[in-house]
file data.cif (mmCIF, C-alpha atoms)
data_protein
loop_
_atom_site.label_atom_id
_atom_site.label_comp_id
_atom_site.auth_asym_id
_atom_site.auth_seq_id
_atom_site.Cartn_x
_atom_site.Cartn_y
_atom_site.Cartn_z
CA MET A 41 -5.24 5.72 10.93
CA VAL A 42 -1.85 4.72 9.63
CA GLU A 43 0.84 7.37 10.21
CA TYR A 44 3.27 6.10 7.53
CA PHE A 45 2.63 4.43 4.18
CA GLU A 46 4.87 1.73 2.77
CA ILE A 47 5.58 2.69 -0.85
CA GLY A 48 8.22 0.17 -1.84
CA GLN A 49 10.99 -2.22 -0.91
CA ILE A 50 14.68 -2.06 -1.68
CA ALA A 51 15.21 -5.15 -3.82
CA ASN A 52 18.87 -4.84 -4.76
CA THR A 53 21.76 -2.55 -5.62
CA HIS A 54 22.46 -1.10 -9.05
CA GLY A 55 25.99 -0.33 -10.15
CA LEU A 56 28.89 0.60 -7.89
CA LYS A 57 27.92 4.16 -6.84
CA GLY A 58 25.19 3.40 -4.30
CA GLU A 59 22.12 3.34 -6.53
CA LEU A 60 19.25 1.14 -5.33
CA LYS A 61 16.69 -0.99 -7.17
CA VAL A 62 13.30 -0.39 -5.57
CA ARG A 63 10.18 -2.48 -6.11
CA PRO A 64 7.37 0.13 -5.93
CA TYR A 65 4.08 -0.52 -4.14
CA THR A 66 2.45 2.68 -5.33
CA GLU A 67 -0.23 2.94 -7.97
CA THR A 68 2.16 4.90 -10.17
CA ALA A 69 5.93 4.73 -9.89
CA LYS A 70 6.16 8.36 -11.01
CA ARG A 71 5.10 9.30 -7.45
CA PHE A 72 8.75 8.93 -6.43
CA GLU A 73 9.64 11.98 -8.57
CA ALA A 74 7.49 14.22 -6.34
CA LEU A 75 9.31 13.17 -3.16
CA THR A 76 12.36 14.95 -1.75
CA SER A 77 13.02 12.35 0.93
CA ILE A 78 11.98 8.90 2.08
CA LEU A 79 12.10 6.90 5.29
CA ILE A 80 13.75 3.49 5.42
CA ASP A 81 12.25 1.17 8.00
CA PHE A 82 15.01 -0.69 9.83
CA ASP A 83 12.75 -3.12 11.69
CA GLY A 84 10.68 -0.37 13.31
CA ASN A 85 13.35 2.34 13.37
CA LEU A 86 12.77 4.90 10.64
CA LYS A 87 15.71 6.79 9.14
CA GLU A 88 15.24 9.66 6.70
CA TYR A 89 17.22 9.84 3.46
CA LYS A 90 17.21 12.70 0.94
CA ILE A 91 16.58 11.64 -2.66
CA GLU A 92 19.27 12.66 -5.18
CA SER A 93 17.76 11.09 -8.29
CA VAL A 94 15.00 8.82 -9.57
CA ARG A 95 15.25 6.75 -12.76
CA TYR A 96 13.26 3.83 -14.15
CA GLN A 97 14.28 0.42 -15.42
CA LYS A 98 11.54 -1.98 -16.49
CA ASP A 99 9.40 -2.59 -13.39
CA VAL A 100 11.82 -1.15 -10.81
CA ILE A 101 12.85 2.31 -9.73
CA LEU A 102 16.53 3.21 -9.60
CA LEU A 103 16.89 5.44 -6.57
CA LYS A 104 19.99 7.39 -5.54
CA LEU A 105 20.02 8.58 -1.93
CA GLN A 106 22.22 11.24 -0.41
CA GLY A 107 24.99 9.66 1.67
CA VAL A 108 24.71 6.27 -0.04
CA ASP A 109 27.62 6.61 -2.44
CA VAL A 110 29.19 3.16 -2.75
CA ILE A 111 27.84 -0.33 -3.31
CA GLU A 112 28.78 -1.38 0.23
CA ASP A 113 26.46 1.29 1.68
CA ALA A 114 23.67 0.29 -0.71
CA GLU A 115 23.99 -3.41 0.18
CA LYS A 116 23.19 -2.60 3.82
CA LEU A 117 19.76 -1.30 2.72
CA LYS A 118 18.66 -4.36 0.72
CA GLY A 119 15.38 -5.89 1.83
CA PHE A 120 14.19 -2.94 3.90
CA SER A 121 10.89 -1.13 3.32
CA ILE A 122 10.53 2.45 2.13
CA LYS A 123 7.89 4.60 3.81
CA ILE A 124 6.60 8.14 3.68
CA PRO A 125 4.59 10.13 6.22
CA ARG A 126 0.85 10.32 5.57
CA GLU A 127 1.14 14.06 4.83
CA ASP A 128 3.48 13.32 1.89
CA ALA A 129 1.01 10.90 0.29
CA LYS A 130 -1.01 11.91 -2.75
CA GLN A 131 -4.26 13.78 -2.23
CA LEU A 132 -7.24 11.48 -2.59
CA GLU A 133 -10.31 12.17 -4.66
CA GLU A 134 -13.78 11.82 -3.16
CA ASN A 135 -14.59 8.16 -2.39
CA GLU A 136 -10.92 7.15 -2.71
CA PHE A 137 -9.19 5.46 0.22
CA PHE A 138 -5.72 4.29 1.10
CA ILE A 139 -5.55 0.50 1.26
CA ALA A 140 -3.72 0.77 4.59
CA ASP A 141 -6.81 2.54 6.02
CA LEU A 142 -9.19 -0.16 4.74
CA ILE A 143 -7.30 -3.12 6.21
CA GLY A 144 -8.88 -4.12 9.51
CA LEU A 145 -12.24 -2.40 8.96
CA GLU A 146 -15.29 -4.35 10.11
CA VAL A 147 -17.75 -5.28 7.35
CA TYR A 148 -21.52 -5.38 7.93
CA GLN A 149 -24.65 -6.29 6.01
CA ASP A 150 -27.07 -5.68 8.85
CA ASP A 151 -24.98 -8.10 10.97
CA PHE A 152 -21.21 -8.42 11.27
CA ILE A 153 -19.68 -10.36 8.34
CA GLY A 154 -15.93 -10.10 8.87
CA ILE A 155 -12.80 -7.95 8.65
CA VAL A 156 -11.09 -6.49 5.56
CA ASP A 157 -7.91 -8.57 5.32
CA ASP A 158 -6.54 -7.48 1.93
CA VAL A 159 -7.33 -5.41 -1.16
CA PHE A 160 -6.22 -6.26 -4.69
CA GLU A 161 -6.95 -5.00 -8.18
CA ALA A 162 -8.90 -7.19 -10.57
CA GLY A 163 -10.02 -5.90 -13.91
CA GLY A 164 -11.46 -2.42 -13.59
CA SER A 165 -11.99 -2.31 -9.83
CA ASP A 166 -10.51 -3.28 -6.50
CA VAL A 167 -11.60 -6.39 -4.64
CA TYR A 168 -11.86 -6.48 -0.85
CA VAL A 169 -10.89 -9.76 0.81
CA ILE A 170 -13.13 -10.25 3.86
CA LYS A 171 -11.79 -12.66 6.49
CA ARG A 172 -14.67 -14.50 8.20
CA LYS A 173 -14.66 -16.69 11.26
CA GLY A 174 -15.31 -20.33 10.40
CA LYS A 175 -15.96 -19.62 6.70
CA LYS A 176 -13.86 -19.13 3.61
CA ASP A 177 -12.82 -15.60 2.68
CA LEU A 178 -15.40 -13.50 0.88
CA LEU A 179 -14.27 -11.49 -2.16
CA LEU A 180 -16.27 -8.30 -2.63
CA PRO A 181 -15.88 -6.04 -5.67
CA ALA A 182 -15.37 -2.41 -4.65
CA ILE A 183 -18.28 -1.08 -6.70
CA GLY A 184 -21.12 1.19 -5.65
CA SER A 185 -23.81 -1.50 -5.80
CA VAL A 186 -21.88 -3.62 -3.26
CA ILE A 187 -19.96 -1.15 -1.08
CA LYS A 188 -22.62 1.14 0.36
CA LYS A 189 -20.67 3.16 2.94
CA ILE A 190 -17.07 3.35 4.15
CA ASP A 191 -16.46 5.02 7.50
CA ILE A 192 -12.71 5.12 8.13
CA GLU A 193 -13.02 6.88 11.52
CA GLY A 194 -15.75 4.48 12.64
CA ARG A 195 -13.70 1.52 11.30
CA ARG A 196 -16.75 0.15 9.43
CA ILE A 197 -17.91 -0.74 5.91
CA ASP A 198 -21.57 -1.36 5.09
CA VAL A 199 -22.22 -3.63 2.11
CA GLU A 200 -25.02 -5.17 0.07
CA ILE A 201 -23.87 -8.59 -1.09
CA PRO A 202 -25.48 -9.52 -4.42
CA ARG A 203 -27.49 -12.74 -4.52
CA GLY A 204 -25.29 -15.65 -5.54
CA LEU A 205 -21.99 -13.99 -4.67
CA ASP A 206 -21.96 -15.77 -1.35
CA ASP A 207 -24.59 -18.32 -0.47
CA GLU A 208 -23.27 -18.53 3.11
CA VAL A 209 -24.32 -14.98 4.06
#
call {"tool": "encode", "arguments": {"input": "data.cif", "output": "structure tokens"}}
result
Amino acid sequence: MVEYFEIGQIANTHGLKGELKVRPYTETAKRFEALTSILIDFDGNLKEYKIESVRYQKDVILLKLQGVDVIEDAEKLKGFSIKIPREDAKQLEENEFFIADLIGLEVYQDDFIGIVDDVFEAGGSDVYVIKRKGKKDLLLPAIGSVIKKIDIEGRRIDVEIPRGLDDEV
């Protein structure tokens, strides 16, 4: 399982006093308010920063970090990812999963179909993108009639593909 979750990316600076514009990857941007610190991923090297304040502006988060007090310091952080340890992530409800844990799972309907390559939201439910060898990607809605069992530890998803969704299966 993934040890750290990527929750956003530093897109730009804001103002002259070290504030950062962050593009959030979380389901709800308000999650940043519950955090006391974050990790910035400098190409594989994680450095912890304490959060001083969180504000919102349109579709970005304005984040002020302790020790980042001038625009020059903030500019050095542009483009880097923000992560948190798994233990700081929100508690999941039953039958909820982190996307990072789903990526790479093997998908079966009796026989092996492919690997979960991506997950995106469409309408009222998620859609799993299944990468298949020698075939186009299969898009499966994450609904109970299709997704029968998810076993994160076993790295496997069992599915029942509805007739007509994929004639190649």
call {"tool": "closest_residue", "arguments": {"input": "data.cif", "among": "A:Val147, A:Leu102, A:Ala69, A:Ile111", "to": "Asp198 in chain A", "atoms": "all atoms listed in the file"}}
result
A:Val147
call {"tool": "residues_near_point", "arguments": {"input": "data.cif", "point": "(7.4, 11.2, -0.2)", "cutoff": "7 Å", "atoms": "all atoms listed in the file", "output": "list in words"}}
result
Phe72, Ala74, Leu75, Thr76, Ser77, Ile78, Ile124, Asp128 and Ala129 of chain A
call {"tool": "resolve_selection", "arguments": {"input": "data.cif", "expression": "the PyMOL selection byres ((chain A and resi 205) around 12)", "output": "VMD selection string"}}
result
chain A and resid 177 to 181 186 200 to 204 206 to 209
call {"tool": "write_last_selection", "arguments": {"input": "data.cif", "atoms": "C-alpha atoms", "output": "short mmCIF file (atom, residue, chain, number, x, y, z; two decimals), keeping the file's coordinate frame"}}
result
data_model
loop_
_atom_site.label_atom_id
_atom_site.label_comp_id
_atom_site.auth_asym_id
_atom_site.auth_seq_id
_atom_site.Cartn_x
_atom_site.Cartn_y
_atom_site.Cartn_z
CA ASP A 177 -12.82 -15.60 2.68
CA LEU A 178 -15.40 -13.50 0.88
CA LEU A 179 -14.27 -11.49 -2.16
CA LEU A 180 -16.27 -8.30 -2.63
CA PRO A 181 -15.88 -6.04 -5.67
CA VAL A 186 -21.88 -3.62 -3.26
CA GLU A 200 -25.02 -5.17 0.07
CA ILE A 201 -23.87 -8.59 -1.09
CA PRO A 202 -25.48 -9.52 -4.42
CA ARG A 203 -27.49 -12.74 -4.52
CA GLY A 204 -25.29 -15.65 -5.54
CA ASP A 206 -21.96 -15.77 -1.35
CA ASP A 207 -24.59 -18.32 -0.47
CA GLU A 208 -23.27 -18.53 3.11
CA VAL A 209 -24.32 -14.98 4.06
#
call {"tool": "atom_distance", "arguments": {"input": "data.cif", "atom1": "CA of Leu86 in chain A", "atom2": "CA of Gln49 in chain A"}}
result
13.7 Å
call {"tool": "closest_residue", "arguments": {"input": "data.cif", "among": "A:Phe152, A:Tyr89, A:Phe138, A:Tyr65", "to": "Gly107 in chain A", "atoms": "all atoms listed in the file"}}
result
A:Tyr89
call {"tool": "residues_near_point", "arguments": {"input": "data.cif", "point": "(-12.9, -10.7, 6.6)", "cutoff": "6 Å", "atoms": "only C-alpha atoms", "output": "PyMOL selection string"}}
result
chain A and resi 154-157+170-172
call {"tool": "closest_residue", "arguments": {"input": "data.cif", "among": "A:Ile80, A:Leu145, A:Val94, A:Ile183", "to": "Ala162 in chain A", "atoms": "all atoms listed in the file"}}
result
A:Ile183
call {"tool": "resolve_selection", "arguments": {"input": "data.cif", "expression": "the PyMOL selection byres ((chain A and resi 53) around 12)", "output": "CSV table (one decimal) with C-alpha atoms, in the frame of the given file"}}
result
chain,number,residue,atom,x,y,z
A,49,GLN,CA,11.0,-2.2,-0.9
A,50,ILE,CA,14.7,-2.1,-1.7
A,51,ALA,CA,15.2,-5.2,-3.8
A,52,ASN,CA,18.9,-4.8,-4.8
A,54,HIS,CA,22.5,-1.1,-9.0
A,55,GLY,CA,26.0,-0.3,-10.2
A,56,LEU,CA,28.9,0.6,-7.9
A,57,LYS,CA,27.9,4.2,-6.8
A,58,GLY,CA,25.2,3.4,-4.3
A,59,GLU,CA,22.1,3.3,-6.5
A,60,LEU,CA,19.2,1.1,-5.3
A,61,LYS,CA,16.7,-1.0,-7.2
A,62,VAL,CA,13.3,-0.4,-5.6
A,63,ARG,CA,10.2,-2.5,-6.1
A,100,VAL,CA,11.8,-1.2,-10.8
A,101,ILE,CA,12.8,2.3,-9.7
A,102,LEU,CA,16.5,3.2,-9.6
A,103,LEU,CA,16.9,5.4,-6.6
A,104,LYS,CA,20.0,7.4,-5.5
A,105,LEU,CA,20.0,8.6,-1.9
A,108,VAL,CA,24.7,6.3,0.0
A,109,ASP,CA,27.6,6.6,-2.4
A,110,VAL,CA,29.2,3.2,-2.8
A,111,ILE,CA,27.8,-0.3,-3.3
A,112,GLU,CA,28.8,-1.4,0.2
A,113,ASP,CA,26.5,1.3,1.7
A,114,ALA,CA,23.7,0.3,-0.7
A,115,GLU,CA,24.0,-3.4,0.2
A,116,LYS,CA,23.2,-2.6,3.8
A,117,LEU,CA,19.8,-1.3,2.7
A,118,LYS,CA,18.7,-4.4,0.7
A,119,GLY,CA,15.4,-5.9,1.8
call {"tool": "atom_distance", "arguments": {"input": "data.cif", "atom1": "CA of Arg195 in chain A", "atom2": "CA of Val159 in chain A"}}
result
15.6 Å
call {"tool": "axis_aligned_box", "arguments": {"input": "data.cif", "around": "range 64-69 of chain A", "padding_each_side": "3 Å", "output": "JSON"}}
result
{"center_x": 3.6, "center_y": 2.2, "center_z": -7.2, "size_x": 13.6, "size_y": 11.4, "size_z": 12.0}
call {"tool": "atom_distance", "arguments": {"input": "data.cif", "atom1": "CA of Arg71 in chain A", "atom2": "CA of Lys130 in chain A"}}
result
8.1 Å
call {"tool": "closest_residue", "arguments": {"input": "data.cif", "among": "A:Gly84, A:Gly48, A:Pro125, A:Gly194", "to": "Gly144 in chain A", "atoms": "all atoms listed in the file"}}
result
A:Gly194
call {"tool": "closest_residue", "arguments": {"input": "data.cif", "among": "A:Arg95, A:Lys87, A:Arg196, A:Lys70", "to": "Phe120 in chain A", "atoms": "only C-alpha atoms"}}
result
A:Lys87
call {"tool": "closest_residue", "arguments": {"input": "data.cif", "among": "A:Phe160, A:Phe82, A:Thr68, A:Ile190", "to": "Asp141 in chain A", "atoms": "only C-alpha atoms"}}
result
A:Ile190
call {"tool": "build_atoms", "arguments": {"input": "data.cif", "residues": "range 145-177 of chain A", "atoms": "N, CA and C atoms", "output": "PDB file, in the frame of the given file"}}
result
ATOM      1  N   LEU A 145     -10.886  -2.918   8.759  1.00  0.00           N
ATOM      2  CA  LEU A 145     -12.240  -2.400   8.960  1.00  0.00           C
ATOM      3  C   LEU A 145     -13.231  -3.553   9.100  1.00  0.00           C
ATOM      4  N   GLU A 146     -14.236  -3.352   9.947  1.00  0.00           N
ATOM      5  CA  GLU A 146     -15.290  -4.350  10.110  1.00  0.00           C
ATOM      6  C   GLU A 146     -16.318  -4.173   8.993  1.00  0.00           C
ATOM      7  N   VAL A 147     -16.808  -5.292   8.469  1.00  0.00           N
ATOM      8  CA  VAL A 147     -17.750  -5.280   7.350  1.00  0.00           C
ATOM      9  C   VAL A 147     -19.105  -5.806   7.841  1.00  0.00           C
ATOM     10  N   TYR A 148     -20.164  -5.049   7.491  1.00  0.00           N
ATOM     11  CA  TYR A 148     -21.520  -5.380   7.930  1.00  0.00           C
ATOM     12  C   TYR A 148     -22.484  -5.379   6.761  1.00  0.00           C
ATOM     13  N   GLN A 149     -23.417  -6.338   6.792  1.00  0.00           N
ATOM     14  CA  GLN A 149     -24.650  -6.290   6.010  1.00  0.00           C
ATOM     15  C   GLN A 149     -25.713  -6.605   7.043  1.00  0.00           C
ATOM     16  N   ASP A 150     -26.236  -5.588   7.662  1.00  0.00           N
ATOM     17  CA  ASP A 150     -27.070  -5.680   8.850  1.00  0.00           C
ATOM     18  C   ASP A 150     -26.238  -6.228  10.012  1.00  0.00           C
ATOM     19  N   ASP A 151     -25.809  -7.490   9.935  1.00  0.00           N
ATOM     20  CA  ASP A 151     -24.980  -8.100  10.970  1.00  0.00           C
ATOM     21  C   ASP A 151     -23.517  -8.095  10.553  1.00  0.00           C
ATOM     22  N   PHE A 152     -22.643  -8.337  11.513  1.00  0.00           N
ATOM     23  CA  PHE A 152     -21.210  -8.420  11.270  1.00  0.00           C
ATOM     24  C   PHE A 152     -20.898  -9.583  10.337  1.00  0.00           C
ATOM     25  N   ILE A 153     -20.082  -9.324   9.300  1.00  0.00           N
ATOM     26  CA  ILE A 153     -19.680 -10.360   8.340  1.00  0.00           C
ATOM     27  C   ILE A 153     -18.226 -10.777   8.581  1.00  0.00           C
ATOM     28  N   GLY A 154     -17.349  -9.791   8.712  1.00  0.00           N
ATOM     29  CA  GLY A 154     -15.930 -10.100   8.870  1.00  0.00           C
ATOM     30  C   GLY A 154     -15.084  -8.844   8.843  1.00  0.00           C
ATOM     31  N   ILE A 155     -13.785  -9.032   8.619  1.00  0.00           N
ATOM     32  CA  ILE A 155     -12.800  -7.950   8.650  1.00  0.00           C
ATOM     33  C   ILE A 155     -12.096  -7.876   7.297  1.00  0.00           C
ATOM     34  N   VAL A 156     -11.860  -6.654   6.790  1.00  0.00           N
ATOM     35  CA  VAL A 156     -11.090  -6.490   5.560  1.00  0.00           C
ATOM     36  C   VAL A 156      -9.653  -6.950   5.841  1.00  0.00           C
ATOM     37  N   ASP A 157      -9.226  -7.979   5.112  1.00  0.00           N
ATOM     38  CA  ASP A 157      -7.910  -8.570   5.320  1.00  0.00           C
ATOM     39  C   ASP A 157      -6.911  -8.154   4.242  1.00  0.00           C
ATOM     40  N   ASP A 158      -7.420  -7.841   3.042  1.00  0.00           N
ATOM     41  CA  ASP A 158      -6.540  -7.480   1.930  1.00  0.00           C
ATOM     42  C   ASP A 158      -7.369  -6.760   0.880  1.00  0.00           C
ATOM     43  N   VAL A 159      -6.694  -6.062  -0.012  1.00  0.00           N
ATOM     44  CA  VAL A 159      -7.330  -5.410  -1.160  1.00  0.00           C
ATOM     45  C   VAL A 159      -6.423  -5.655  -2.354  1.00  0.00           C
ATOM     46  N   PHE A 160      -7.013  -6.094  -3.463  1.00  0.00           N
ATOM     47  CA  PHE A 160      -6.220  -6.260  -4.690  1.00  0.00           C
ATOM     48  C   PHE A 160      -7.020  -5.767  -5.876  1.00  0.00           C
ATOM     49  N   GLU A 161      -6.307  -5.495  -6.967  1.00  0.00           N
ATOM     50  CA  GLU A 161      -6.950  -5.000  -8.180  1.00  0.00           C
ATOM     51  C   GLU A 161      -7.267  -6.170  -9.093  1.00  0.00           C
ATOM     52  N   ALA A 162      -8.479  -6.152  -9.627  1.00  0.00           N
ATOM     53  CA  ALA A 162      -8.900  -7.190 -10.570  1.00  0.00           C
ATOM     54  C   ALA A 162      -9.757  -6.520 -11.634  1.00  0.00           C
ATOM     55  N   GLY A 163      -9.277  -6.545 -12.844  1.00  0.00           N
ATOM     56  CA  GLY A 163     -10.020  -5.900 -13.910  1.00  0.00           C
ATOM     57  C   GLY A 163     -10.097  -4.403 -13.692  1.00  0.00           C
ATOM     58  N   GLY A 164     -11.288  -3.864 -13.699  1.00  0.00           N
ATOM     59  CA  GLY A 164     -11.460  -2.420 -13.590  1.00  0.00           C
ATOM     60  C   GLY A 164     -11.677  -1.911 -12.176  1.00  0.00           C
ATOM     61  N   SER A 165     -11.738  -2.803 -11.186  1.00  0.00           N
ATOM     62  CA  SER A 165     -11.990  -2.310  -9.830  1.00  0.00           C
ATOM     63  C   SER A 165     -11.196  -3.108  -8.805  1.00  0.00           C
ATOM     64  N   ASP A 166     -11.150  -2.564  -7.595  1.00  0.00           N
ATOM     65  CA  ASP A 166     -10.510  -3.280  -6.500  1.00  0.00           C
ATOM     66  C   ASP A 166     -11.439  -4.369  -5.982  1.00  0.00           C
ATOM     67  N   VAL A 167     -10.853  -5.330  -5.299  1.00  0.00           N
ATOM     68  CA  VAL A 167     -11.600  -6.390  -4.640  1.00  0.00           C
ATOM     69  C   VAL A 167     -11.162  -6.420  -3.189  1.00  0.00           C
ATOM     70  N   TYR A 168     -12.133  -6.410  -2.289  1.00  0.00           N
ATOM     71  CA  TYR A 168     -11.860  -6.480  -0.850  1.00  0.00           C
ATOM     72  C   TYR A 168     -11.948  -7.932  -0.412  1.00  0.00           C
ATOM     73  N   VAL A 169     -10.915  -8.410   0.262  1.00  0.00           N
ATOM     74  CA  VAL A 169     -10.890  -9.760   0.810  1.00  0.00           C
ATOM     75  C   VAL A 169     -11.376  -9.669   2.250  1.00  0.00           C
ATOM     76  N   ILE A 170     -12.522 -10.297   2.523  1.00  0.00           N
ATOM     77  CA  ILE A 170     -13.130 -10.250   3.860  1.00  0.00           C
ATOM     78  C   ILE A 170     -12.851 -11.567   4.567  1.00  0.00           C
ATOM     79  N   LYS A 171     -12.115 -11.491   5.667  1.00  0.00           N
ATOM     80  CA  LYS A 171     -11.790 -12.660   6.490  1.00  0.00           C
ATOM     81  C   LYS A 171     -12.965 -12.895   7.426  1.00  0.00           C
ATOM     82  N   ARG A 172     -13.511 -14.147   7.375  1.00  0.00           N
ATOM     83  CA  ARG A 172     -14.670 -14.500   8.200  1.00  0.00           C
ATOM     84  C   ARG A 172     -14.336 -15.657   9.119  1.00  0.00           C
ATOM     85  N   LYS A 173     -14.896 -15.626  10.285  1.00  0.00           N
ATOM     86  CA  LYS A 173     -14.660 -16.690  11.260  1.00  0.00           C
ATOM     87  C   LYS A 173     -15.420 -17.943  10.851  1.00  0.00           C
ATOM     88  N   GLY A 174     -14.696 -19.051  10.700  1.00  0.00           N
ATOM     89  CA  GLY A 174     -15.310 -20.330  10.400  1.00  0.00           C
ATOM     90  C   GLY A 174     -15.817 -20.500   8.979  1.00  0.00           C
ATOM     91  N   LYS A 175     -15.529 -19.548   8.103  1.00  0.00           N
ATOM     92  CA  LYS A 175     -15.960 -19.620   6.700  1.00  0.00           C
ATOM     93  C   LYS A 175     -14.785 -19.227   5.820  1.00  0.00           C
ATOM     94  N   LYS A 176     -14.899 -19.558   4.536  1.00  0.00           N
ATOM     95  CA  LYS A 176     -13.860 -19.130   3.610  1.00  0.00           C
ATOM     96  C   LYS A 176     -13.960 -17.622   3.387  1.00  0.00           C
ATOM     97  N   ASP A 177     -12.851 -17.044   2.938  1.00  0.00           N
ATOM     98  CA  ASP A 177     -12.820 -15.600   2.680  1.00  0.00           C
ATOM     99  C   ASP A 177     -13.864 -15.219   1.643  1.00  0.00           C
TER     100      ASP A 177
END
